[in-house]
Every structure is written in C-alpha cells, then in structure tokens.
Amino acid sequence: EVLISVFEKVSSSCGKLISSIVRTYNNGSTALAGNHNLLGSAEAGEAETPPKNVDTAFTPAAKKNDGRLFLDGPITVLPAGKNPRIHFKEAVRLLRTEAGISIGEFDDLTTEMELTLGRIIKERYKTDFYVVYGYPAAIRPFYTMLDPTDGNYTNSYDLFLRGQEISSGAQRVHDPALLRHRLKVCNVSLDSVKDYVNSFSYG
C-alpha cells in the first residue's frame, strides 16, 4: 500500500512535466530550454529557437529520424493517477502471451522487450505512459529494499514513455543487518561500502 501511494505521488508530481513535454512533442515545438517553462505548456503552433546546448530529442527532426524512441503519431497520456501500474510479473506475462517472447521470471528486460511492452500497453490501455514496479531482486542493486511479501522481488519501479525508461526509483535498505546480508547475497565486499552501511547505525 505504501509503495502504491508513492507511485500515486510520483505520477501526480510528474503529470505537469509529462503533459508539457507531450504537448511540446505533439505540437512540433523546439522550446525545451532557456525561457520556456516546462511546467507550463507551449501553446499550439508556438515555437522558439532552442539554445545551442538544448537536447533536441523532442524536436520534429529527431522524432522523424528516430523510430525507436518515438513511434508515429501523437503521444497519449491519461490524467495523473489513471495511467497503468503493472507488476514486473504482469509485464513478463504480457510479453509471453501477447508477443510470444521467451523470458524467465527473474530475467531483466532487454531494450526490445521494453519497446514491445510499450506497444502492448498502448493497445490495451490507450496510453503511452505507464509504471512497471516490483523488479526482481536478482537484477537490482544490493541496497534495494526487498518486497516484504515476496523476497524474490523489490520495492522498485521504472516510469516508461512508449517503451522507453524515463525515470527509475526504489526504496533503499535502511537496516544495516539487512544490508550486510544483501551484500553477501550479491557478492559485494563489505569493505568497499563499509562507511555507507555503518551510517545507518546512527539513526
């Protein structure tokens, strides 16, 4: 329940920024830096000349030439809190049943798998923005908190837009004893992170 609440807050706080980026992309605007306010929005038809150091990933030229990053057509995002949140188990199931992809329960997703999942989500939920949570412990760092109901998974998540990870997060292990245990499981030397582990002994 706590993790789901975190997802709600993350989705809500990202809502304005995501919506602004989507409108910028859909309108073909290059106003992504300088005086342009990403928390606002570019009105339809407006376009500013970006500074020389601006990342042009969302410009018309970029979206035309990079078919892997953006599929054809406008980006669709549901209202904050309405976009799908699926457990990693469900992501694996969808890839197996909807795309015929062979993947183990605890295998990491390849780039191609993530892109395929993005297309599946779009077809099912009519949105390009979604969250995958509960990644396997086997593919997450030692300091990621385990799911208290199933130690094979973790309290972690990735935010996706059209099958591309745009942000990632997780609850960190804050108990020094559990950290030492995770270090052994992940075959990481305690000496290499001793100060980090000991810091949790002071409250």
# chains A, B, ... in the order shown; residues from 1 in each chain; ligands from 1
>>> residues_around(residues="stretch 154-171 of chain A", least_positions_apart="2", cutoff="8 Å", atoms="only C-alpha atoms", output="PDB file with N, CA and C atoms, in the first residue's frame")
ATOM      1  N   LEU A   3       3.910   1.522  -1.190  1.00  0.00           N
ATOM      2  CA  LEU A   3       4.557   1.651  -2.493  1.00  0.00           C
ATOM      3  C   LEU A   3       3.580   2.205  -3.524  1.00  0.00           C
ATOM      4  N   LEU A  69      12.777   5.563 -30.651  1.00  0.00           N
ATOM      5  CA  LEU A  69      12.434   6.342 -29.469  1.00  0.00           C
ATOM      6  C   LEU A  69      10.971   6.758 -29.483  1.00  0.00           C
ATOM      7  N   PHE A  70      10.472   7.161 -30.643  1.00  0.00           N
ATOM      8  CA  PHE A  70       9.079   7.581 -30.732  1.00  0.00           C
ATOM      9  C   PHE A  70       8.393   6.925 -31.914  1.00  0.00           C
ATOM     10  N   LEU A  71       7.303   6.240 -31.630  1.00  0.00           N
ATOM     11  CA  LEU A  71       6.502   5.665 -32.692  1.00  0.00           C
ATOM     12  C   LEU A  71       5.760   6.783 -33.387  1.00  0.00           C
ATOM     13  N   GLU A 114      11.287  -3.955 -23.787  1.00  0.00           N
ATOM     14  CA  GLU A 114      10.650  -2.750 -23.251  1.00  0.00           C
ATOM     15  C   GLU A 114       9.830  -2.033 -24.325  1.00  0.00           C
ATOM     16  N   LEU A 115      10.386  -1.951 -25.531  1.00  0.00           N
ATOM     17  CA  LEU A 115       9.661  -1.317 -26.630  1.00  0.00           C
ATOM     18  C   LEU A 115       8.396  -2.101 -26.982  1.00  0.00           C
ATOM     19  N   THR A 116       8.509  -3.415 -26.966  1.00  0.00           N
ATOM     20  CA  THR A 116       7.353  -4.260 -27.252  1.00  0.00           C
ATOM     21  C   THR A 116       6.293  -4.090 -26.184  1.00  0.00           C
ATOM     22  N   LEU A 117       6.714  -4.039 -24.930  1.00  0.00           N
ATOM     23  CA  LEU A 117       5.771  -3.833 -23.830  1.00  0.00           C
ATOM     24  C   LEU A 117       5.051  -2.499 -23.990  1.00  0.00           C
ATOM     25  N   GLY A 118       5.776  -1.481 -24.440  1.00  0.00           N
ATOM     26  CA  GLY A 118       5.161  -0.178 -24.660  1.00  0.00           C
ATOM     27  C   GLY A 118       4.041  -0.240 -25.680  1.00  0.00           C
ATOM     28  N   ARG A 119       4.244  -1.022 -26.722  1.00  0.00           N
ATOM     29  CA  ARG A 119       3.204  -1.165 -27.745  1.00  0.00           C
ATOM     30  C   ARG A 119       1.993  -1.936 -27.206  1.00  0.00           C
ATOM     31  N   LYS A 122       0.004   0.361 -24.966  1.00  0.00           N
ATOM     32  CA  LYS A 122      -0.745   1.336 -25.763  1.00  0.00           C
ATOM     33  C   LYS A 122      -2.029   0.702 -26.317  1.00  0.00           C
ATOM     34  N   ASP A 128       0.566   6.069 -23.530  1.00  0.00           N
ATOM     35  CA  ASP A 128       1.993   5.816 -23.766  1.00  0.00           C
ATOM     36  C   ASP A 128       2.800   5.846 -22.470  1.00  0.00           C
ATOM     37  N   PHE A 129       2.168   6.296 -21.383  1.00  0.00           N
ATOM     38  CA  PHE A 129       2.873   6.476 -20.107  1.00  0.00           C
ATOM     39  C   PHE A 129       2.392   5.433 -19.107  1.00  0.00           C
ATOM     40  N   TYR A 130       3.331   4.724 -18.472  1.00  0.00           N
ATOM     41  CA  TYR A 130       2.956   3.688 -17.509  1.00  0.00           C
ATOM     42  C   TYR A 130       4.116   3.402 -16.557  1.00  0.00           C
ATOM     43  N   VAL A 131       3.816   2.643 -15.510  1.00  0.00           N
ATOM     44  CA  VAL A 131       4.803   2.289 -14.492  1.00  0.00           C
ATOM     45  C   VAL A 131       4.918   0.777 -14.407  1.00  0.00           C
ATOM     46  N   VAL A 132       6.138   0.279 -14.344  1.00  0.00           N
ATOM     47  CA  VAL A 132       6.396  -1.119 -14.028  1.00  0.00           C
ATOM     48  C   VAL A 132       7.076  -1.134 -12.661  1.00  0.00           C
ATOM     49  N   TYR A 133       6.521  -1.897 -11.727  1.00  0.00           N
ATOM     50  CA  TYR A 133       7.090  -1.925 -10.376  1.00  0.00           C
ATOM     51  C   TYR A 133       7.351  -3.370  -9.940  1.00  0.00           C
ATOM     52  N   GLY A 134       8.090  -3.511  -8.822  1.00  0.00           N
ATOM     53  CA  GLY A 134       8.375  -4.838  -8.289  1.00  0.00           C
ATOM     54  C   GLY A 134       9.389  -5.625  -9.089  1.00  0.00           C
ATOM     55  N   TYR A 135      10.482  -4.970  -9.480  1.00  0.00           N
ATOM     56  CA  TYR A 135      11.513  -5.671 -10.255  1.00  0.00           C
ATOM     57  C   TYR A 135      12.183  -6.771  -9.415  1.00  0.00           C
ATOM     58  N   PRO A 136      12.651  -7.831 -10.060  1.00  0.00           N
ATOM     59  CA  PRO A 136      13.296  -8.929  -9.334  1.00  0.00           C
ATOM     60  C   PRO A 136      14.542  -8.473  -8.578  1.00  0.00           C
ATOM     61  N   ALA A 137      14.756  -9.084  -7.421  1.00  0.00           N
ATOM     62  CA  ALA A 137      15.939  -8.755  -6.627  1.00  0.00           C
ATOM     63  C   ALA A 137      17.216  -9.113  -7.374  1.00  0.00           C
ATOM     64  N   ARG A 140      18.466  -6.065  -9.386  1.00  0.00           N
ATOM     65  CA  ARG A 140      18.532  -4.760  -8.722  1.00  0.00           C
ATOM     66  C   ARG A 140      19.727  -4.720  -7.774  1.00  0.00           C
ATOM     67  N   THR A 144      18.626  -2.145  -2.700  1.00  0.00           N
ATOM     68  CA  THR A 144      17.197  -2.004  -2.981  1.00  0.00           C
ATOM     69  C   THR A 144      16.391  -2.861  -2.013  1.00  0.00           C
ATOM     70  N   MET A 145      15.383  -2.277  -1.377  1.00  0.00           N
ATOM     71  CA  MET A 145      14.574  -2.983  -0.390  1.00  0.00           C
ATOM     72  C   MET A 145      13.781  -4.111  -1.040  1.00  0.00           C
ATOM     73  N   LEU A 146      13.783  -5.267  -0.370  1.00  0.00           N
ATOM     74  CA  LEU A 146      13.023  -6.411  -0.857  1.00  0.00           C
ATOM     75  C   LEU A 146      11.538  -6.221  -0.577  1.00  0.00           C
ATOM     76  N   ASP A 147      10.732  -6.811  -1.435  1.00  0.00           N
ATOM     77  CA  ASP A 147       9.290  -6.826  -1.218  1.00  0.00           C
ATOM     78  C   ASP A 147       9.018  -7.677   0.027  1.00  0.00           C
ATOM     79  N   GLY A 151      10.366 -12.082  -1.241  1.00  0.00           N
ATOM     80  CA  GLY A 151      11.756 -11.656  -1.303  1.00  0.00           C
ATOM     81  C   GLY A 151      12.419 -11.815  -2.654  1.00  0.00           C
ATOM     82  N   ASN A 152      11.721 -12.416  -3.615  1.00  0.00           N
ATOM     83  CA  ASN A 152      12.280 -12.525  -4.959  1.00  0.00           C
ATOM     84  C   ASN A 152      12.155 -11.219  -5.732  1.00  0.00           C
ATOM     85  N   VAL A 173      17.364  -0.020   1.287  1.00  0.00           N
ATOM     86  CA  VAL A 173      17.503  -0.737   2.553  1.00  0.00           C
ATOM     87  C   VAL A 173      18.119   0.206   3.574  1.00  0.00           C
TER      88      VAL A 173
END
>>> atom_distance(atom1="atom CA of A:Phe88", atom2="atom CA of A:Val185")
21.3 Å
>>> select_by_dssp(residues="stretch 109-159 of chain A", states="strand (DSSP E)", output="list of chain:residue names")
A:Phe129, A:Tyr130, A:Val131, A:Val132, A:Tyr133, A:Leu146, A:Asp147, A:Asp150, A:Gly151, A:Asn152, A:Tyr153, A:Thr154, A:Ser156, A:Tyr157, A:Asp158, A:Leu159
>>> closest_residue(among="A:Phe142, A:Asp107, A:Ile121, A:Phe200", to="A:Ile86", atoms="only C-alpha atoms")
A:Ile121
>>> closest_residue(among="A:Leu183, A:Ile139, A:Leu109, A:Ala177", to="A:Ala91", atoms="only C-alpha atoms")
A:Leu109
>>> select_by_dssp(residues="stretch 77-158 of chain A", states="helix (DSSP H, G or I)", output="PyMOL selection string")
chain A and resi 88-99+111-125+137-139
>>> residues_around(residues="A:Leu190", least_positions_apart="3", cutoff="12 Å", atoms="only C-alpha atoms", output="PyMOL selection string")
chain A and resi 142+176-177+179-187+193-198
>>> write_last_selection(atoms="N, CA and C atoms", output="short mmCIF file (atom, residue, chain, number, x, y, z; two decimals), in the first residue's frame")
data_model
loop_
_atom_site.label_atom_id
_atom_site.label_comp_id
_atom_site.auth_asym_id
_atom_site.auth_seq_id
_atom_site.Cartn_x
_atom_site.Cartn_y
_atom_site.Cartn_z
N PHE A 142 22.18 -4.22 -4.44
CA PHE A 142 22.05 -4.79 -3.10
C PHE A 142 21.28 -3.89 -2.15
N PRO A 176 21.11 -1.86 8.74
CA PRO A 176 22.48 -2.30 8.49
C PRO A 176 22.63 -3.82 8.45
N ALA A 177 21.87 -4.54 9.28
CA ALA A 177 21.96 -6.00 9.28
C ALA A 177 21.47 -6.57 7.94
N LEU A 179 21.42 -4.93 5.15
CA LEU A 179 22.39 -4.52 4.13
C LEU A 179 23.56 -5.50 4.07
N ARG A 180 24.05 -5.92 5.23
CA ARG A 180 25.17 -6.88 5.25
C ARG A 180 24.75 -8.20 4.63
N HIS A 181 23.53 -8.61 4.91
CA HIS A 181 23.02 -9.85 4.31
C HIS A 181 22.94 -9.73 2.80
N ARG A 182 22.42 -8.60 2.33
CA ARG A 182 22.27 -8.39 0.88
C ARG A 182 23.64 -8.31 0.20
N LEU A 183 24.62 -7.76 0.90
CA LEU A 183 25.97 -7.70 0.34
C LEU A 183 26.50 -9.10 0.08
N LYS A 184 26.28 -10.00 1.02
CA LYS A 184 26.73 -11.39 0.86
C LYS A 184 26.01 -12.06 -0.30
N VAL A 185 24.69 -11.86 -0.36
CA VAL A 185 23.90 -12.48 -1.42
C VAL A 185 24.35 -11.99 -2.79
N CYS A 186 24.66 -10.68 -2.88
CA CYS A 186 25.05 -10.08 -4.15
C CYS A 186 26.55 -10.15 -4.41
N ASN A 187 27.28 -10.79 -3.49
CA ASN A 187 28.72 -10.97 -3.64
C ASN A 187 29.46 -9.63 -3.77
N VAL A 193 31.99 -0.73 0.88
CA VAL A 193 30.86 0.17 1.20
C VAL A 193 30.65 0.25 2.71
N LYS A 194 31.72 0.02 3.48
CA LYS A 194 31.62 -0.05 4.94
C LYS A 194 31.04 1.22 5.54
N ASP A 195 31.51 2.37 5.10
CA ASP A 195 31.02 3.63 5.65
C ASP A 195 29.55 3.83 5.35
N TYR A 196 29.13 3.44 4.18
CA TYR A 196 27.71 3.57 3.79
C TYR A 196 26.84 2.71 4.71
N VAL A 197 27.26 1.46 4.94
CA VAL A 197 26.49 0.56 5.80
C VAL A 197 26.48 1.07 7.24
N ASN A 198 27.62 1.49 7.73
CA ASN A 198 27.72 1.95 9.13
C ASN A 198 26.89 3.22 9.37
#
